[in-house]
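Listing of work-v8.pdb; format and content: PDB, C-alpha atoms, pLDDT in the B column.
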ATOM      1  CA  MET A   1      -3.041   2.025  15.148  1.00 58.00           C
ATOM      2  CA  ASN A   2      -3.150   5.131  17.271  1.00 60.00           C
ATOM      3  CA  LYS A   3      -6.341   6.566  18.718  1.00 64.00           C
ATOM      4  CA  SER A   4      -6.366   9.613  16.431  1.00 65.00           C
ATOM      5  CA  THR A   5      -6.773   7.305  13.425  1.00 61.00           C
ATOM      6  CA  HIS A   6      -9.767   5.624  15.036  1.00 66.00           C
ATOM      7  CA  LYS A   7     -11.339   9.036  15.609  1.00 64.00           C
ATOM      8  CA  VAL A   8     -11.719   9.511  11.866  1.00 70.00           C
ATOM      9  CA  ASN A   9     -13.907   6.392  11.732  1.00 81.00           C
ATOM     10  CA  CYS A  10     -11.536   4.148   9.812  1.00 88.00           C
ATOM     11  CA  ASP A  11     -13.228   1.086  11.274  1.00 88.00           C
ATOM     12  CA  TYR A  12     -16.082   1.381   8.771  1.00 90.00           C
ATOM     13  CA  LEU A  13     -13.645   1.644   5.862  1.00 93.00           C
ATOM     14  CA  PHE A  14     -11.607  -1.328   7.064  1.00 93.00           C
ATOM     15  CA  GLU A  15     -14.745  -3.429   7.592  1.00 93.00           C
ATOM     16  CA  ALA A  16     -15.762  -2.622   4.016  1.00 96.00           C
ATOM     17  CA  VAL A  17     -12.339  -3.605   2.644  1.00 97.00           C
ATOM     18  CA  LEU A  18     -12.398  -6.871   4.576  1.00 97.00           C
ATOM     19  CA  ARG A  19     -15.664  -7.770   2.841  1.00 98.00           C
ATOM     20  CA  LEU A  20     -14.310  -7.442  -0.693  1.00 98.00           C
ATOM     21  CA  GLN A  21     -14.276 -10.890  -2.257  1.00 98.00           C
ATOM     22  CA  SER A  22     -12.467 -10.544  -5.572  1.00 98.00           C
ATOM     23  CA  LYS A  23      -9.979  -8.402  -7.425  1.00 96.00           C
ATOM     24  CA  GLU A  24     -12.859  -7.135  -9.586  1.00 98.00           C
ATOM     25  CA  GLU A  25     -14.743  -5.990  -6.462  1.00 98.00           C
ATOM     26  CA  CYS A  26     -11.560  -4.274  -5.267  1.00 97.00           C
ATOM     27  CA  TYR A  27     -11.219  -2.414  -8.555  1.00 97.00           C
ATOM     28  CA  ALA A  28     -14.842  -1.283  -8.448  1.00 98.00           C
ATOM     29  CA  PHE A  29     -14.717  -0.228  -4.788  1.00 98.00           C
ATOM     30  CA  PHE A  30     -11.410   1.631  -4.968  1.00 97.00           C
ATOM     31  CA  GLU A  31     -12.287   3.310  -8.269  1.00 97.00           C
ATOM     32  CA  ASP A  32     -15.409   4.660  -6.573  1.00 98.00           C
ATOM     33  CA  LEU A  33     -13.623   5.545  -3.335  1.00 97.00           C
ATOM     34  CA  CYS A  34     -10.415   7.118  -4.650  1.00 97.00           C
ATOM     35  CA  THR A  35      -9.401   9.448  -7.421  1.00 97.00           C
ATOM     36  CA  ILE A  36      -7.004   7.984  -9.968  1.00 96.00           C
ATOM     37  CA  PRO A  37      -4.064   9.982  -8.505  1.00 97.00           C
ATOM     38  CA  GLU A  38      -4.930   8.766  -4.989  1.00 97.00           C
ATOM     39  CA  LEU A  39      -5.085   5.152  -6.130  1.00 97.00           C
ATOM     40  CA  ARG A  40      -1.809   5.507  -8.020  1.00 96.00           C
ATOM     41  CA  ALA A  41      -0.154   7.049  -4.947  1.00 97.00           C
ATOM     42  CA  LEU A  42      -1.345   4.215  -2.689  1.00 97.00           C
ATOM     43  CA  SER A  43      -0.216   1.521  -5.086  1.00 96.00           C
ATOM     44  CA  GLN A  44       3.090   3.306  -5.675  1.00 97.00           C
ATOM     45  CA  ARG A  45       3.792   3.411  -1.922  1.00 97.00           C
ATOM     46  CA  LEU A  46       3.085  -0.295  -1.644  1.00 97.00           C
ATOM     47  CA  VAL A  47       5.501  -1.112  -4.476  1.00 97.00           C
ATOM     48  CA  VAL A  48       8.131   1.237  -3.009  1.00 98.00           C
ATOM     49  CA  ALA A  49       7.790  -0.503   0.353  1.00 98.00           C
ATOM     50  CA  LYS A  50       8.196  -3.907  -1.278  1.00 97.00           C
ATOM     51  CA  MET A  51      11.282  -2.787  -3.157  1.00 97.00           C
ATOM     52  CA  LEU A  52      12.814  -1.294  -0.007  1.00 97.00           C
ATOM     53  CA  THR A  53      12.059  -4.512   1.864  1.00 96.00           C
ATOM     54  CA  ASP A  54      13.827  -6.414  -0.914  1.00 95.00           C
ATOM     55  CA  GLY A  55      16.907  -4.192  -0.521  1.00 96.00           C
ATOM     56  CA  VAL A  56      16.549  -2.165  -3.717  1.00 96.00           C
ATOM     57  CA  VAL A  57      18.409   1.170  -3.611  1.00 97.00           C
ATOM     58  CA  TYR A  58      16.636   4.544  -3.906  1.00 97.00           C
ATOM     59  CA  THR A  59      17.923   5.316  -7.407  1.00 97.00           C
ATOM     60  CA  ASP A  60      16.596   2.033  -8.769  1.00 97.00           C
ATOM     61  CA  ILE A  61      13.251   2.578  -7.008  1.00 97.00           C
ATOM     62  CA  VAL A  62      12.957   6.058  -8.544  1.00 97.00           C
ATOM     63  CA  ALA A  63      13.722   4.635 -11.983  1.00 96.00           C
ATOM     64  CA  ALA A  64      11.256   1.748 -11.641  1.00 96.00           C
ATOM     65  CA  THR A  65       8.351   3.572  -9.988  1.00 96.00           C
ATOM     66  CA  GLY A  66       8.750   7.290 -10.619  1.00 96.00           C
ATOM     67  CA  ALA A  67       8.381   7.892  -6.879  1.00 97.00           C
ATOM     68  CA  SER A  68      10.158  10.914  -5.447  1.00 97.00           C
ATOM     69  CA  THR A  69      12.970  10.430  -2.969  1.00 97.00           C
ATOM     70  CA  ALA A  70      10.740  12.159  -0.399  1.00 97.00           C
ATOM     71  CA  THR A  71       8.052   9.508  -0.899  1.00 97.00           C
ATOM     72  CA  ILE A  72      10.639   6.751  -0.691  1.00 98.00           C
ATOM     73  CA  SER A  73      11.990   8.239   2.545  1.00 98.00           C
ATOM     74  CA  ARG A  74       8.497   8.438   4.073  1.00 97.00           C
ATOM     75  CA  VAL A  75       7.801   4.830   3.151  1.00 98.00           C
ATOM     76  CA  ASN A  76      11.182   3.786   4.526  1.00 98.00           C
ATOM     77  CA  ARG A  77      10.359   5.546   7.799  1.00 97.00           C
ATOM     78  CA  SER A  78       7.110   3.583   7.991  1.00 96.00           C
ATOM     79  CA  LEU A  79       8.979   0.353   7.385  1.00 96.00           C
ATOM     80  CA  ASN A  80      11.452   1.148  10.147  1.00 96.00           C
ATOM     81  CA  TYR A  81       9.174   2.742  12.733  1.00 95.00           C
ATOM     82  CA  GLY A  82       5.635   1.807  11.736  1.00 93.00           C
ATOM     83  CA  ALA A  83       3.214  -0.876  12.886  1.00 92.00           C
ATOM     84  CA  ASN A  84       4.613  -3.645  10.605  1.00 93.00           C
ATOM     85  CA  GLY A  85       1.551  -3.533   8.388  1.00 94.00           C
ATOM     86  CA  TYR A  86       3.670  -3.787   5.265  1.00 96.00           C
ATOM     87  CA  GLY A  87       5.550  -6.790   6.658  1.00 93.00           C
ATOM     88  CA  ALA A  88       2.398  -8.769   7.345  1.00 93.00           C
ATOM     89  CA  ILE A  89       1.034  -8.147   3.860  1.00 95.00           C
ATOM     90  CA  PHE A  90       4.322  -8.858   2.097  1.00 96.00           C
ATOM     91  CA  GLU A  91       4.628 -12.183   3.878  1.00 95.00           C
ATOM     92  CA  ARG A  92       1.175 -13.204   2.675  1.00 96.00           C
ATOM     93  CA  LEU A  93       1.735 -11.932  -0.861  1.00 96.00           C
ATOM     94  CA  ASP A  94       5.115 -13.676  -1.068  1.00 94.00           C
ATOM     95  CA  ASN A  95       3.603 -16.914   0.220  1.00 94.00           C
ATOM     96  CA  ASP A  96       1.010 -16.688  -2.562  1.00 95.00           C
ATOM     97  CA  GLY A  97       3.642 -15.834  -5.206  1.00 94.00           C
ATOM     98  CA  VAL A  98       2.203 -12.358  -5.869  1.00 95.00           C
ATOM     99  CA  LYS A  99       4.749  -9.832  -7.160  1.00 93.00           C
ATOM    100  CA  PRO A 100       4.368  -6.173  -8.126  1.00 92.00           C
ATOM    101  CA  ASP A 101       4.161  -5.279 -11.795  1.00 87.00           C
ATOM    102  CA  LEU A 102       6.827  -2.658 -12.440  1.00 77.00           C
ATOM    103  CA  GLU A 103       5.778  -1.958 -16.011  1.00 58.00           C
ATOM    104  CA  PRO A 104       4.454   1.594 -16.587  1.00 48.00           C
TER     105      PRO A 104
END
Please express the file's structure as C-alpha coordinates.
Amino acid sequence: MNKSTHKVNCDYLFEAVLRLQSKEECYAFFEDLCTIPELRALSQRLVVAKMLTDGVVYTDIVAATGASTATISRVNRSLNYGANGYGAIFERLDNDGVKPDLEP
(Lines of atoms letter the chains of each structure in order from A and count residues from 1; the text may use other names and numbers.)
(Lines give C-alpha, C1' and ligand atoms only; values in the text may rest on other atoms or scores of the structure.)
Protein backbone atom coordinates (compact mmCIF):
# COMPACT_ATOMS: atom_id res chain seq x y z
CA MET A 1 0.00 0.00 0.00
CA ASN A 2 1.38 3.40 -0.86
CA LYS A 3 2.14 6.06 1.72
CA SER A 4 -0.75 8.32 0.68
CA THR A 5 -3.21 5.61 1.73
CA HIS A 6 -1.60 5.39 5.16
CA LYS A 7 -1.94 9.15 5.54
CA VAL A 8 -5.72 8.82 5.63
CA ASN A 9 -5.41 6.60 8.72
CA CYS A 10 -6.53 3.34 7.16
CA ASP A 11 -4.63 1.40 9.81
CA TYR A 12 -7.43 1.97 12.33
CA LEU A 13 -10.05 0.76 9.86
CA PHE A 14 -8.03 -2.33 8.95
CA GLU A 15 -7.39 -3.15 12.62
CA ALA A 16 -11.14 -2.94 13.21
CA VAL A 17 -11.90 -5.25 10.26
CA LEU A 18 -9.33 -7.77 11.45
CA ARG A 19 -11.16 -7.99 14.78
CA LEU A 20 -14.52 -8.95 13.29
CA GLN A 21 -15.29 -12.51 14.35
CA SER A 22 -18.39 -13.55 12.43
CA LYS A 23 -20.39 -12.80 9.32
CA GLU A 24 -23.06 -11.25 11.56
CA GLU A 25 -20.48 -8.86 13.05
CA CYS A 26 -19.35 -8.00 9.52
CA TYR A 27 -22.91 -7.18 8.49
CA ALA A 28 -23.43 -4.98 11.54
CA PHE A 29 -20.10 -3.17 11.18
CA PHE A 30 -20.32 -2.54 7.44
CA GLU A 31 -23.98 -1.51 7.62
CA ASP A 32 -22.96 1.11 10.17
CA LEU A 33 -19.82 2.14 8.29
CA CYS A 34 -21.10 2.26 4.70
CA THR A 35 -24.18 3.43 2.90
CA ILE A 36 -26.08 0.72 1.04
CA PRO A 37 -24.79 1.98 -2.35
CA GLU A 38 -21.20 1.98 -1.03
CA LEU A 39 -21.54 -1.57 0.28
CA ARG A 40 -23.11 -2.72 -2.99
CA ALA A 41 -20.29 -1.09 -4.97
CA LEU A 42 -17.61 -2.78 -2.84
CA SER A 43 -19.23 -6.18 -3.09
CA GLN A 44 -19.84 -5.72 -6.82
CA ARG A 45 -16.15 -4.94 -7.40
CA LEU A 46 -15.15 -8.06 -5.51
CA VAL A 47 -17.47 -10.25 -7.60
CA VAL A 48 -16.27 -8.56 -10.81
CA ALA A 49 -12.67 -9.25 -9.82
CA LYS A 50 -13.47 -12.90 -9.13
CA MET A 51 -15.21 -13.28 -12.47
CA LEU A 52 -12.32 -11.64 -14.31
CA THR A 53 -9.89 -13.91 -12.49
CA ASP A 54 -11.98 -16.88 -13.61
CA GLY A 55 -11.76 -15.71 -17.24
CA VAL A 56 -15.34 -14.50 -17.66
CA VAL A 57 -15.76 -11.99 -20.51
CA TYR A 58 -16.96 -8.40 -19.96
CA THR A 59 -20.39 -8.93 -21.53
CA ASP A 60 -21.14 -11.86 -19.23
CA ILE A 61 -19.90 -9.89 -16.20
CA VAL A 62 -22.18 -6.97 -17.12
CA ALA A 63 -25.13 -9.34 -17.47
CA ALA A 64 -24.43 -11.13 -14.18
CA THR A 65 -23.53 -8.15 -12.00
CA GLY A 66 -24.90 -5.01 -13.62
CA ALA A 67 -21.44 -3.45 -13.36
CA SER A 68 -20.52 -0.89 -15.99
CA THR A 69 -17.71 -1.62 -18.41
CA ALA A 70 -15.83 1.28 -16.80
CA THR A 71 -16.02 -0.43 -13.40
CA ILE A 72 -14.95 -3.73 -14.93
CA SER A 73 -11.99 -2.01 -16.60
CA ARG A 74 -10.92 -0.37 -13.32
CA VAL A 75 -11.11 -3.69 -11.51
CA ASN A 76 -9.19 -5.38 -14.31
CA ARG A 77 -6.48 -2.72 -14.02
CA SER A 78 -6.21 -3.46 -10.30
CA LEU A 79 -5.90 -7.16 -11.02
CA ASN A 80 -3.13 -6.54 -13.53
CA TYR A 81 -1.21 -3.75 -11.83
CA GLY A 82 -2.35 -3.73 -8.21
CA ALA A 83 -0.91 -5.17 -5.01
CA ASN A 84 -2.38 -8.70 -5.49
CA GLY A 85 -4.87 -8.16 -2.70
CA TYR A 86 -7.63 -9.81 -4.71
CA GLY A 87 -5.43 -12.82 -5.45
CA ALA A 88 -4.66 -13.49 -1.81
CA ILE A 89 -8.33 -13.32 -0.82
CA PHE A 90 -9.54 -15.43 -3.74
CA GLU A 91 -7.06 -18.15 -2.89
CA ARG A 92 -8.37 -18.30 0.67
CA LEU A 93 -12.02 -18.15 -0.38
CA ASP A 94 -11.48 -20.86 -3.00
CA ASN A 95 -9.69 -23.05 -0.47
CA ASP A 96 -12.72 -22.70 1.82
CA GLY A 97 -15.19 -23.37 -1.02
CA VAL A 98 -16.74 -19.88 -0.82
CA LYS A 99 -18.27 -18.67 -4.10
CA PRO A 100 -20.04 -15.42 -4.97
CA ASP A 101 -23.81 -15.41 -5.18
CA LEU A 102 -24.72 -13.99 -8.58
CA GLU A 103 -28.45 -13.87 -7.92
CA PRO A 104 -29.92 -10.32 -7.86
- Interatomic distance, CA of Phe90 (chain A) to CA of Val48 (chain A) (Å, one decimal): 11.9 Å
- Task: Excluding region 26-37 of chain A and residues on its chain fewer than 6 positions from it, collect all residues at most 12 Å away from it, counting all atoms listed in the file, and give them as JSON, numbers by chain.
- Result: {"A": [13, 16, 17, 18, 19, 20, 43, 44]}
Output the selection as a short mmCIF file (atom, residue, chain, number, x, y, z; two decimals), keeping the file's coordinate frame - C-alpha atoms for each residue.
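Dumped everything to again.cif:
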data_model
loop_
_atom_site.label_atom_id
_atom_site.label_comp_id
_atom_site.auth_asym_id
_atom_site.auth_seq_id
_atom_site.Cartn_x
_atom_site.Cartn_y
_atom_site.Cartn_z
CA LEU A 13 -13.64 1.64 5.86
CA ALA A 16 -15.76 -2.62 4.02
CA VAL A 17 -12.34 -3.60 2.64
CA LEU A 18 -12.40 -6.87 4.58
CA ARG A 19 -15.66 -7.77 2.84
CA LEU A 20 -14.31 -7.44 -0.69
CA SER A 43 -0.22 1.52 -5.09
CA GLN A 44 3.09 3.31 -5.68
#
- Min atom-atom distance to Leu42 (chain A) from the set A:Val75, A:Cys10, A:Ile61, A:Ala88, counting all atoms listed in the file, belongs to A:Val75
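If you look at CA of Arg77 (chain A) and CA of Pro100 (chain A), they are 20.7 Å away from each other.
With all atoms listed in the file as the atoms that count, the minimum distance from Leu46 (chain A) to the choices A:Ser22, A:Ala83, A:Ala67, A:Phe14 is reached by A:Ala67.
Here CA of Arg40 (chain A) stands at a distance of 18.9 Å from CA of Tyr58 (chain A).
With all atoms listed in the file as the atoms that count, the minimum distance from Lys99 (chain A) to the choices A:Met51, A:Ala63, A:Gly87, A:Arg74 is reached by A:Met51.
Candidate residues A:Asp11, A:Thr53, A:Glu25, A:Leu39 were compared for distance to Glu91 (chain A), and the nearest is A:Thr53, using all atoms listed in the file.
Counting all atoms listed in the file and comparing A:Asp60, A:Glu24, A:Asn9, A:Ala49, the residue that lies closest to Tyr86 (chain A) is A:Ala49.
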- Message: When you count all atoms listed in the file, which of these residues is closest to Asp101 (chain A): A:Ala64, A:Lys23, A:Glu15, A:Arg45?
- Response: A:Ala64
Adding 3 Å on each side of the box along x, y and z that holds all listed atoms of region 32-36 of chain A, could you give its centre and edge lengths in Å to one decimal, as JSON?
{"center_x": -11.2, "center_y": 7.1, "center_z": -6.7, "size_x": 14.4, "size_y": 10.8, "size_z": 12.6}
